[in-house]
$ cat start-v3.txt   # compact mmCIF, C-alpha atoms
# COMPACT_ATOMS: atom_id res chain seq x y z
CA MET A 1 2.88 25.45 19.98
CA LEU A 2 5.06 24.51 17.04
CA SER A 3 4.47 20.84 17.84
CA ASP A 4 0.70 21.36 17.77
CA ARG A 5 0.99 23.15 14.44
CA LYS A 6 2.93 20.23 13.02
CA LEU A 7 0.31 17.78 14.25
CA LYS A 8 -2.49 19.78 12.65
CA LYS A 9 -0.54 20.02 9.40
CA ASN A 10 0.00 16.25 9.35
CA ILE A 11 -3.68 15.54 9.99
CA LEU A 12 -4.74 17.98 7.28
CA ALA A 13 -2.24 16.54 4.80
CA MET A 14 -3.47 12.99 5.33
CA TYR A 15 -7.08 14.13 4.95
CA PHE A 16 -6.13 15.42 1.51
CA VAL A 17 -4.87 11.91 0.73
CA GLN A 18 -8.06 10.32 2.05
CA PHE A 19 -10.10 12.74 -0.04
CA ALA A 20 -8.14 11.67 -3.11
CA ASN A 21 -8.65 8.03 -2.16
CA MET A 22 -12.38 8.69 -2.02
CA VAL A 23 -12.59 10.63 -5.28
CA VAL A 24 -10.57 8.15 -7.37
CA PRO A 25 -13.04 5.23 -7.03
CA PHE A 26 -15.95 7.57 -7.85
CA MET A 27 -14.14 8.57 -11.05
CA THR A 28 -12.54 5.34 -12.24
CA THR A 29 -14.96 2.60 -11.15
CA PRO A 30 -17.91 3.61 -13.39
CA TYR A 31 -15.55 4.11 -16.34
CA LEU A 32 -13.80 0.77 -15.92
CA ALA A 33 -17.06 -1.08 -15.39
CA ARG A 34 -18.36 0.38 -18.66
CA VAL A 35 -15.33 -0.13 -20.93
CA LEU A 36 -14.25 -3.48 -19.49
CA GLY A 37 -17.70 -4.95 -18.98
CA PHE A 38 -18.84 -6.52 -15.73
CA GLU A 39 -17.20 -9.88 -16.49
CA THR A 40 -13.72 -8.44 -17.06
CA PHE A 41 -14.10 -5.80 -14.35
CA GLY A 42 -14.82 -8.67 -11.97
CA GLN A 43 -11.55 -10.32 -13.01
CA LEU A 44 -9.75 -7.04 -12.24
CA ALA A 45 -11.38 -6.79 -8.81
CA PHE A 46 -10.50 -10.42 -8.05
CA ALA A 47 -6.83 -9.94 -9.02
CA GLN A 48 -6.56 -6.75 -6.97
CA ALA A 49 -8.17 -8.44 -3.96
CA ILE A 50 -5.59 -11.22 -4.14
CA ALA A 51 -2.85 -8.59 -4.40
CA MET A 52 -4.05 -7.13 -1.11
CA TYR A 53 -3.03 -10.36 0.62
CA PHE A 54 0.49 -9.72 -0.64
CA VAL A 55 0.33 -6.09 0.52
CA LEU A 56 -0.64 -7.36 3.97
CA LEU A 57 2.31 -9.76 3.87
CA THR A 58 4.85 -7.11 2.82
CA ASP A 59 3.52 -4.69 5.44
CA TRP A 60 3.96 -7.37 8.12
CA GLY A 61 3.90 -5.53 11.44
CA LEU A 62 6.68 -3.19 10.35
CA ALA A 63 4.39 -0.27 9.53
CA LEU A 64 3.74 -0.01 13.28
CA SER A 65 6.91 -1.37 14.84
CA ALA A 66 9.40 0.56 12.67
CA PRO A 67 8.17 4.09 13.58
CA ALA A 68 8.14 3.14 17.25
CA GLN A 69 11.75 1.88 17.06
CA ILE A 70 12.96 4.99 15.23
CA ILE A 71 11.25 7.38 17.64
CA GLN A 72 12.69 5.61 20.68
CA ALA A 73 16.20 5.62 19.15
CA GLN A 74 16.15 9.16 17.74
CA ALA A 75 18.80 10.35 20.22
CA THR A 76 21.25 7.85 18.66
CA PRO A 77 21.60 8.53 14.89
CA ALA A 78 23.71 5.42 14.27
CA LYS A 79 21.00 3.23 15.77
CA VAL A 80 18.35 4.95 13.68
CA GLN A 81 20.42 4.23 10.58
CA ARG A 82 20.65 0.58 11.56
CA ILE A 83 16.90 0.30 12.14
CA ILE A 84 16.11 1.88 8.76
CA GLN A 85 18.44 -0.47 6.90
CA ASP A 86 17.16 -3.54 8.74
CA VAL A 87 13.51 -2.66 8.10
CA ILE A 88 14.18 -2.10 4.40
CA GLY A 89 15.98 -5.46 4.28
CA ALA A 90 13.07 -7.19 5.99
CA ARG A 91 10.54 -5.70 3.59
CA LEU A 92 12.62 -6.68 0.56
CA LEU A 93 12.72 -10.23 1.93
CA LEU A 94 8.94 -10.20 2.23
CA LEU A 95 8.63 -8.83 -1.31
CA ALA A 96 10.65 -11.75 -2.67
CA LEU A 97 8.47 -14.18 -0.71
CA SER A 98 5.30 -12.54 -2.04
CA PHE A 99 6.54 -12.95 -5.62
CA LEU A 100 7.08 -16.67 -5.10
CA LEU A 101 3.59 -16.94 -3.64
CA LEU A 102 2.22 -15.04 -6.64
CA ILE A 103 3.57 -17.73 -8.95
CA VAL A 104 1.81 -20.37 -6.86
CA VAL A 105 -1.42 -18.38 -6.93
CA MET A 106 -1.33 -18.03 -10.72
CA LEU A 107 -1.03 -21.79 -10.96
CA VAL A 108 -3.99 -22.57 -8.71
CA VAL A 109 -6.61 -19.79 -9.10
CA PRO A 110 -9.21 -20.06 -11.88
CA ASN A 111 -7.77 -18.78 -15.19
CA GLY A 112 -4.59 -17.79 -13.36
CA ARG A 113 -2.29 -18.93 -16.15
CA GLN A 114 -4.37 -17.21 -18.84
CA LEU A 115 -4.58 -14.00 -16.79
CA TRP A 116 -0.97 -13.97 -15.61
CA ALA A 117 -0.38 -10.43 -16.95
CA LEU A 118 -3.37 -9.18 -14.94
CA HIS A 119 -2.28 -10.88 -11.71
CA PHE A 120 1.34 -9.75 -12.13
CA SER A 121 0.26 -6.15 -12.84
CA ALA A 122 -1.96 -6.17 -9.74
CA TRP A 123 0.88 -7.66 -7.65
CA LEU A 124 3.18 -4.77 -8.61
CA ILE A 125 1.34 -2.66 -6.04
CA CYS A 126 3.47 -4.57 -3.51
CA VAL A 127 6.61 -3.13 -5.10
CA GLY A 128 5.24 0.37 -4.59
CA ASN A 129 4.14 -0.52 -1.07
CA VAL A 130 7.66 -1.68 -0.14
CA MET A 131 9.25 1.36 -1.78
CA THR A 132 6.98 3.78 0.08
CA LEU A 133 8.80 4.78 3.26
CA SER A 134 5.64 5.90 5.04
CA TRP A 135 6.89 4.42 8.32
CA LEU A 136 10.03 6.59 8.23
CA LEU A 137 8.18 9.77 7.32
CA GLN A 138 5.63 9.01 10.02
CA ALA A 139 8.38 8.61 12.61
CA ARG A 140 9.79 11.97 11.54
CA GLU A 141 6.30 13.51 11.69
CA ARG A 142 6.50 14.46 8.01
CA LEU A 143 3.19 13.06 6.85
CA ASP A 144 2.87 16.17 4.71
CA LEU A 145 5.69 14.79 2.55
CA LEU A 146 3.98 11.40 2.43
CA ALA A 147 0.78 13.13 1.30
CA ILE A 148 2.64 14.92 -1.50
CA ALA A 149 4.23 11.64 -2.64
CA THR A 150 0.86 9.87 -2.67
CA LEU A 151 -0.89 12.66 -4.56
CA VAL A 152 1.91 12.87 -7.13
CA GLY A 153 1.55 9.15 -7.79
CA LYS A 154 -2.21 9.41 -8.26
CA LEU A 155 -2.07 12.53 -10.42
CA LEU A 156 0.57 11.09 -12.75
CA ALA A 157 -0.68 7.52 -13.17
CA LEU A 158 -4.41 7.22 -12.59
CA PRO A 159 -5.57 9.77 -15.23
CA LEU A 160 -3.89 7.55 -17.83
CA ILE A 161 -6.61 4.97 -17.21
CA PHE A 162 -9.03 7.12 -19.23
CA PHE A 163 -6.59 7.36 -22.15
CA VAL A 164 -5.16 3.85 -22.19
CA VAL A 165 -7.91 1.49 -21.05
CA LYS A 166 -10.44 1.28 -23.89
CA ALA A 167 -11.50 -2.38 -24.14
CA PRO A 168 -11.70 -5.61 -22.07
CA ALA A 169 -8.29 -6.67 -23.43
CA ASP A 170 -6.77 -3.67 -21.61
CA VAL A 171 -7.72 -4.99 -18.17
CA TRP A 172 -4.09 -5.69 -17.28
CA LEU A 173 -3.25 -2.06 -18.10
CA ALA A 174 -5.89 -0.90 -15.61
CA ALA A 175 -4.18 -3.00 -12.93
CA LEU A 176 -0.74 -1.83 -14.03
CA LEU A 177 -1.63 1.87 -13.85
CA THR A 178 -3.17 1.44 -10.40
CA SER A 179 0.04 -0.22 -9.24
CA LEU A 180 2.14 2.40 -11.03
CA SER A 181 0.56 5.18 -8.97
CA THR A 182 1.85 3.43 -5.83
CA ILE A 183 5.31 2.88 -7.34
CA ILE A 184 5.60 6.56 -8.27
CA ALA A 185 4.52 7.51 -4.75
CA GLY A 186 7.17 5.13 -3.41
CA ILE A 187 9.91 6.73 -5.49
CA VAL A 188 8.93 10.23 -4.40
CA SER A 189 8.71 9.15 -0.74
CA CYS A 190 12.23 7.69 -0.96
CA ILE A 191 13.54 11.04 -2.24
CA PHE A 192 11.86 12.89 0.62
CA ALA A 193 12.92 10.34 3.25
CA ARG A 194 16.58 10.41 2.22
CA LYS A 195 16.58 14.19 2.63
CA GLU A 196 15.09 13.82 6.10
CA VAL A 197 17.41 10.99 7.22
CA PRO A 198 20.23 10.11 4.80
CA PHE A 199 20.75 6.34 4.84
CA ARG A 200 22.37 3.55 2.86
CA THR A 201 19.66 1.46 1.21
CA PHE A 202 21.29 -1.95 0.78
CA ASN A 203 23.30 -2.58 3.90
CA CYS A 204 21.44 -5.23 5.86
CA SER A 205 22.26 -8.79 6.82
CA LEU A 206 19.76 -11.62 6.48
CA SER A 207 19.85 -12.26 10.22
CA ALA A 208 19.04 -8.61 11.01
CA ALA A 209 16.09 -8.69 8.60
CA VAL A 210 14.77 -11.89 10.16
CA THR A 211 15.13 -10.36 13.63
CA GLN A 212 12.94 -7.46 12.52
CA LEU A 213 10.33 -9.90 11.23
CA LYS A 214 10.34 -11.88 14.47
CA SER A 215 9.99 -8.79 16.63
CA SER A 216 6.93 -7.58 14.70
CA PHE A 217 5.26 -10.97 14.18
CA ASP A 218 2.64 -10.37 16.89
CA ILE A 219 1.61 -7.13 15.22
CA PHE A 220 1.36 -8.93 11.87
CA ILE A 221 -1.00 -11.53 13.32
CA SER A 222 -3.14 -8.80 14.82
CA ASN A 223 -3.23 -6.83 11.56
CA ALA A 224 -4.02 -9.96 9.59
CA ALA A 225 -6.92 -10.87 11.86
CA ILE A 226 -8.39 -7.39 11.45
CA SER A 227 -7.63 -6.84 7.77
CA LEU A 228 -8.31 -10.19 6.15
CA TYR A 229 -12.09 -9.96 6.39
CA THR A 230 -12.12 -6.56 4.67
CA PHE A 231 -10.91 -7.94 1.33
CA SER A 232 -11.48 -11.67 1.70
CA THR A 233 -15.12 -11.26 0.69
CA THR A 234 -14.10 -10.37 -2.87
CA VAL A 235 -11.75 -13.34 -3.10
CA ILE A 236 -14.28 -15.79 -1.66
CA LEU A 237 -16.98 -14.43 -3.96
CA GLY A 238 -14.65 -14.87 -6.93
CA ILE A 239 -14.05 -18.51 -6.00
CA VAL A 240 -17.66 -19.55 -5.34
CA SER A 241 -19.42 -17.26 -7.82
CA ASN A 242 -18.73 -15.56 -11.16
CA SER A 243 -16.86 -12.44 -12.27
CA ARG A 244 -20.05 -10.46 -12.86
CA GLU A 245 -21.12 -10.75 -9.22
CA VAL A 246 -17.58 -9.92 -8.09
CA ALA A 247 -17.75 -6.75 -10.20
CA MET A 248 -21.08 -5.68 -8.70
CA PHE A 249 -19.86 -6.22 -5.14
CA SER A 250 -16.44 -4.64 -5.71
CA SER A 251 -17.89 -1.49 -7.29
CA ALA A 252 -19.86 -0.71 -4.14
CA ASP A 253 -17.14 -1.92 -1.77
CA LYS A 254 -14.49 0.42 -3.22
CA VAL A 255 -16.68 3.42 -2.48
CA ARG A 256 -17.57 2.11 0.98
CA GLY A 257 -13.90 1.57 1.84
CA ALA A 258 -12.89 5.05 0.69
CA VAL A 259 -15.52 6.76 2.84
CA GLN A 260 -14.89 4.53 5.88
CA SER A 261 -11.16 5.32 5.92
CA PHE A 262 -11.66 8.95 6.97
CA ILE A 263 -10.67 8.31 10.59
CA GLY A 264 -7.21 7.05 9.54
CA PRO A 265 -5.37 10.42 9.31
CA ILE A 266 -5.90 11.20 12.99
CA ASN A 267 -4.50 7.81 14.00
CA GLN A 268 -1.48 8.21 11.72
CA ALA A 269 -0.65 11.69 12.95
CA MET A 270 -1.07 10.82 16.65
CA TYR A 271 0.91 7.56 16.52
CA PRO A 272 4.42 9.12 16.83
CA ARG A 273 3.24 11.31 19.73
CA ALA A 274 2.04 8.24 21.64
CA HIS A 275 5.55 6.78 21.53
CA GLN A 276 7.15 10.07 22.49
CA VAL A 277 5.01 10.09 25.63
CA ALA A 278 5.92 6.45 26.30
$ encode --input "start-v3.txt" --output "structure tokens"
Amino acid sequence: MLSDRKLKKNILAMYFVQFANMVVPFMTTPYLARVLGFETFGQLAFAQAIAMYFVLLTDWGLALSAPAQIIQAQATPAKVQRIIQDVIGARLLLLALSFLLLIVVMLVVPNGRQLWALHFSAWLICVGNVMTLSWLLQARERLDLLAIATLVGKLLALPLIFFVVKAPADVWLAALLTSLSTIIAGIVSCIFARKEVPFRTFNCSLSAAVTQLKSSFDIFISNAAISLYTFSTTVILGIVSNSREVAMFSSADKVRGAVQSFIGPINQAMYPRAHQVA
């Protein structure tokens, strides 16, 4: 009975997050399109779409493999500690790789050198993504804590968009504040996760990190095949067309993506139970 109550609480908590994810585009997209103008808003959408490739890279397959490993090793605390440290090490390795790739991207994409502040600000969402220990909280069935961390990040950072972003020259600030909401959520999730399972953050060898990456490579390929098409349209449109058309497509696509994601909370809450049964 208690287990069922926890499951319901996790599903409800993640639906609050999805509701916030739906409301935010409805609030910020019209404002940004107006103050930035379609041309600059298109540049913002293009930079954020490129950043999603880096998010996919830093997620790897660890968002699925790490909870499964922790659940299966939960009877052995020392092994759980080892898994946590190795996964963190692997994700930090991927973050470093994504930064190097960002430099390459800024050298080759149209106006990349001129818009380096925009692309870097958009890339910072990867830092927040790596800091967010969603996989650990999911394994512990504490998605309610993950929901709190996510909402705190949104409530603290995203409202600043309306006070800080006032002109096209502020486009990099719009990207920075969006990334900052994820970084704040990451910090809060780390605080919660360390209370759930105290662990040493930087205690991982390079070989252990690489082993984690190898073991979850198949999941990464599967995720990439599914996810790439969802944000590649914006990138392709930005390459073959102009920023105005990117802005028009992205405005509608943000709303579509927010509404379509409403099935996610059930999957997230049920995932740990599937591995407990296994």
$ closest_residue --input "start-v3.txt" --among "A:Ala47, A:Leu155, A:Val171, A:Leu146" --to "Pro110 (chain A)" --atoms "only C-alpha atoms"
A:Ala47
$ residues_around --input "start-v3.txt" --residues "region 181-183 of chain A" --least-positions-apart "3" --cutoff "10 Å" --atoms "only C-alpha atoms" --output "number ranges by chain"
A: 124-132, 149-159, 176-178, 186-189
$ closest_residue --input "start-v3.txt" --among "A:Trp123, A:Phe99, A:Tyr31, A:Phe192" --to "Leu136 (chain A)" --atoms "only C-alpha atoms"
A:Phe192
$ atom_distance --input "start-v3.txt" --atom1 "CA of Phe26 (chain A)" --atom2 "CA of His119 (chain A)"
23.3 Å
$ residues_around --input "start-v3.txt" --residues "region 82-95 of chain A" --least-positions-apart "6" --cutoff "8 Å" --atoms "only C-alpha atoms" --output "list in words"
Leu57, Thr58, Asp59, Leu62, Ala66, Gln69, Ile70, Cys126, Val127, Val130, Leu136, Phe199, Arg200, Thr201, Phe202, Asn203, Cys204, Ser205, Leu206, Ala208, Ala209, Val210, Gln212 and Leu213 of chain A
$ atom_distance --input "start-v3.txt" --atom1 "CA of Pro25 (chain A)" --atom2 "CA of Ile161 (chain A)"
12.0 Å
$ atom_distance --input "start-v3.txt" --atom1 "CA of Phe41 (chain A)" --atom2 "CA of Ala175 (chain A)"
10.4 Å
$ closest_residue --input "start-v3.txt" --among "A:Leu118, A:Ala225, A:Ala78, A:Leu7" --to "Ala51 (chain A)" --atoms "all atoms listed in the file"
A:Leu118
$ residues_near_point --input "start-v3.txt" --point "(-0.7, -13.7, -11.1)" --cutoff "7 Å" --atoms "all atoms listed in the file" --output "CSV table (one decimal) with C-alpha atoms, keeping the file's coordinate frame"
chain,number,residue,atom,x,y,z
A,102,LEU,CA,2.2,-15.0,-6.6
A,103,ILE,CA,3.6,-17.7,-9.0
A,105,VAL,CA,-1.4,-18.4,-6.9
A,106,MET,CA,-1.3,-18.0,-10.7
A,112,GLY,CA,-4.6,-17.8,-13.4
A,115,LEU,CA,-4.6,-14.0,-16.8
A,116,TRP,CA,-1.0,-14.0,-15.6
A,117,ALA,CA,-0.4,-10.4,-17.0
A,118,LEU,CA,-3.4,-9.2,-14.9
A,119,HIS,CA,-2.3,-10.9,-11.7
A,120,PHE,CA,1.3,-9.8,-12.1
